[in-house]
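Just below is one structure, and these are the notes that go with it.
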Amino acid sequence: MTVFLPISFDKIALFYLENEINHLYTHSGKIYSIPENLEELERQVSSTFFRVNRQFLVNRNAIRDATEHFPRKLKVNLKFPFNKKYHCK
């Protein structure tokens, strides 16, 4: 059985792909599996979210700052603890 939960974009901290499953992570730390792929989501959320790499689409309000990690790469620091590793190009 599929359950649909209405969640506004301002409550979403990020979307991410893990083990070929897309997830929605809220600012309150809840995680939900979602059927949409990141490309579809990126079109829907437009300028509110930032595509940091192939696996992550991050709400701009969830980003604390970004630091240079390697040449042509940035490390995005979030405003909350999140234990998944990601770097953006």
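In the structure tokens, each chain is lettered A, B, ... as it comes, each chain's residues begin at 1, and ligands are numbered from 1 in order of appearance.
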> Among chain A, which ones does DSSP place in strand (DSSP E or B), written as a ChimeraX atom specification?
Replying inline: /A:12-18,21-26,31-34,49-51,56-59,63-70,73-78,88
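For region 52-54 of chain A, the residues within 12 Å (counting only C-alpha atoms, excluding itself and residues fewer than 6 positions away along the chain) are A:Leu14, A:Phe15, A:Tyr16, A:Leu17, A:Glu18, A:Glu20, A:Asn22, A:Asn37, A:Leu38, A:Glu39, A:Glu42, A:Arg60, A:Ile63, A:Ala66, A:Lys73, A:Leu74, A:Lys75, A:Val76, A:Asn77, A:Leu78, A:Lys85, A:Tyr86, A:His87, A:Cys88, A:Lys89.
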Would you put the residues from that selection into a file with N, CA, C and O atoms, as a CSV table (one decimal), in the first residue's frame?
```csv
chain,number,residue,atom,x,y,z
A,14,LEU,N,16.7,18.1,2.0
A,14,LEU,CA,17.4,17.6,0.8
A,14,LEU,C,16.7,16.4,0.3
A,14,LEU,O,15.9,15.8,1.0
A,15,PHE,N,17.0,16.1,-1.0
A,15,PHE,CA,16.7,14.8,-1.6
A,15,PHE,C,18.0,14.1,-1.9
A,15,PHE,O,19.0,14.7,-2.2
A,16,TYR,N,18.0,12.8,-1.8
A,16,TYR,CA,19.2,12.1,-2.1
A,16,TYR,C,18.9,10.7,-2.6
A,16,TYR,O,17.9,10.1,-2.4
A,17,LEU,N,19.9,10.1,-3.3
A,17,LEU,CA,19.8,8.8,-3.9
A,17,LEU,C,20.8,7.9,-3.2
A,17,LEU,O,21.9,8.2,-3.0
A,18,GLU,N,20.2,6.8,-2.7
A,18,GLU,CA,21.1,5.8,-2.0
A,18,GLU,C,20.6,4.4,-2.3
A,18,GLU,O,19.4,4.1,-2.2
A,20,GLU,N,20.0,3.1,-5.1
A,20,GLU,CA,19.1,3.2,-6.2
A,20,GLU,C,17.7,3.6,-5.8
A,20,GLU,O,16.7,3.4,-6.5
A,22,ASN,N,15.4,6.8,-4.1
A,22,ASN,CA,15.4,8.2,-3.8
A,22,ASN,C,14.7,8.5,-2.5
A,22,ASN,O,13.7,7.8,-2.2
A,37,ASN,N,12.5,10.6,-9.5
A,37,ASN,CA,14.0,10.7,-9.5
A,37,ASN,C,14.4,12.1,-9.3
A,37,ASN,O,13.6,13.0,-9.4
A,38,LEU,N,15.7,12.3,-9.1
A,38,LEU,CA,16.2,13.6,-8.9
A,38,LEU,C,16.1,14.6,-10.0
A,38,LEU,O,15.9,15.8,-9.8
A,39,GLU,N,16.1,14.1,-11.2
A,39,GLU,CA,15.9,15.0,-12.4
A,39,GLU,C,14.5,15.5,-12.4
A,39,GLU,O,14.3,16.7,-12.6
A,42,GLU,N,14.3,18.1,-9.5
A,42,GLU,CA,15.1,19.3,-9.9
A,42,GLU,C,14.2,20.2,-10.7
A,42,GLU,O,14.2,21.4,-10.5
A,60,ARG,N,18.5,25.3,-0.6
A,60,ARG,CA,19.5,26.3,-0.4
A,60,ARG,C,19.5,26.9,1.1
A,60,ARG,O,20.5,27.3,1.6
A,63,ILE,N,21.9,25.0,3.5
A,63,ILE,CA,23.4,25.1,3.4
A,63,ILE,C,23.9,26.2,4.3
A,63,ILE,O,23.5,27.3,4.2
A,66,ALA,N,30.1,26.6,2.0
A,66,ALA,CA,30.8,25.6,1.2
A,66,ALA,C,32.3,26.0,1.2
A,66,ALA,O,32.7,27.1,1.3
A,73,LYS,N,36.2,21.2,-6.9
A,73,LYS,CA,35.3,20.5,-6.0
A,73,LYS,C,35.0,21.4,-4.8
A,73,LYS,O,35.9,22.0,-4.3
A,74,LEU,N,33.8,21.3,-4.3
A,74,LEU,CA,33.4,22.0,-3.1
A,74,LEU,C,32.9,21.0,-2.1
A,74,LEU,O,32.3,20.0,-2.5
A,75,LYS,N,33.1,21.3,-0.8
A,75,LYS,CA,32.4,20.5,0.2
A,75,LYS,C,31.3,21.4,0.8
A,75,LYS,O,31.6,22.5,1.2
A,76,VAL,N,30.1,20.9,0.7
A,76,VAL,CA,28.9,21.7,1.2
A,76,VAL,C,28.7,21.3,2.6
A,76,VAL,O,28.5,20.2,3.0
A,77,ASN,N,28.7,22.4,3.5
A,77,ASN,CA,28.4,22.2,4.9
A,77,ASN,C,27.0,22.5,5.2
A,77,ASN,O,26.5,23.6,4.9
A,78,LEU,N,26.2,21.6,5.8
A,78,LEU,CA,24.8,21.8,6.1
A,78,LEU,C,24.6,22.4,7.5
A,78,LEU,O,25.5,22.3,8.3
A,85,LYS,N,28.2,11.2,2.8
A,85,LYS,CA,29.2,12.0,2.2
A,85,LYS,C,28.8,12.5,0.8
A,85,LYS,O,28.2,11.7,0.0
A,86,TYR,N,29.1,13.7,0.5
A,86,TYR,CA,28.9,14.2,-0.8
A,86,TYR,C,29.8,15.4,-1.1
A,86,TYR,O,30.1,16.2,-0.1
A,87,HIS,N,30.2,15.6,-2.3
A,87,HIS,CA,30.9,16.8,-2.7
A,87,HIS,C,30.4,17.2,-4.0
A,87,HIS,O,29.8,16.5,-4.8
A,88,CYS,N,30.5,18.5,-4.2
A,88,CYS,CA,29.9,19.0,-5.5
A,88,CYS,C,31.0,19.5,-6.4
A,88,CYS,O,32.1,19.8,-6.0
A,89,LYS,N,30.7,19.4,-7.7
A,89,LYS,CA,31.7,19.8,-8.7
A,89,LYS,C,31.6,21.3,-8.9
A,89,LYS,O,30.6,21.9,-8.8
```
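Taking CA of Phe82 (chain A) as the reference point, CA of His27 (chain A) is found at 10.4 Å.
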> CA of Arg64 (chain A) and CA of Lys79 (chain A) are how many Å apart?
Replying inline: 5.0 Å
> Nearest to Phe56 (chain A): which of A:Pro81, A:Leu41, A:Tyr32, A:Pro71 is it, counting only C-alpha atoms?
Replying inline: A:Leu41
>> I'd like the contact shell of Ala13 (chain A) - 8 Å cut-off, only C-alpha atoms, skipping same-chain residues fewer than 2 positions apart - returned as a list in words.
In response: Asp10, Lys11, Phe15, Leu24, Tyr25, Thr26, His27, Val58, Asn59, Asn61 and Ala62 of chain A
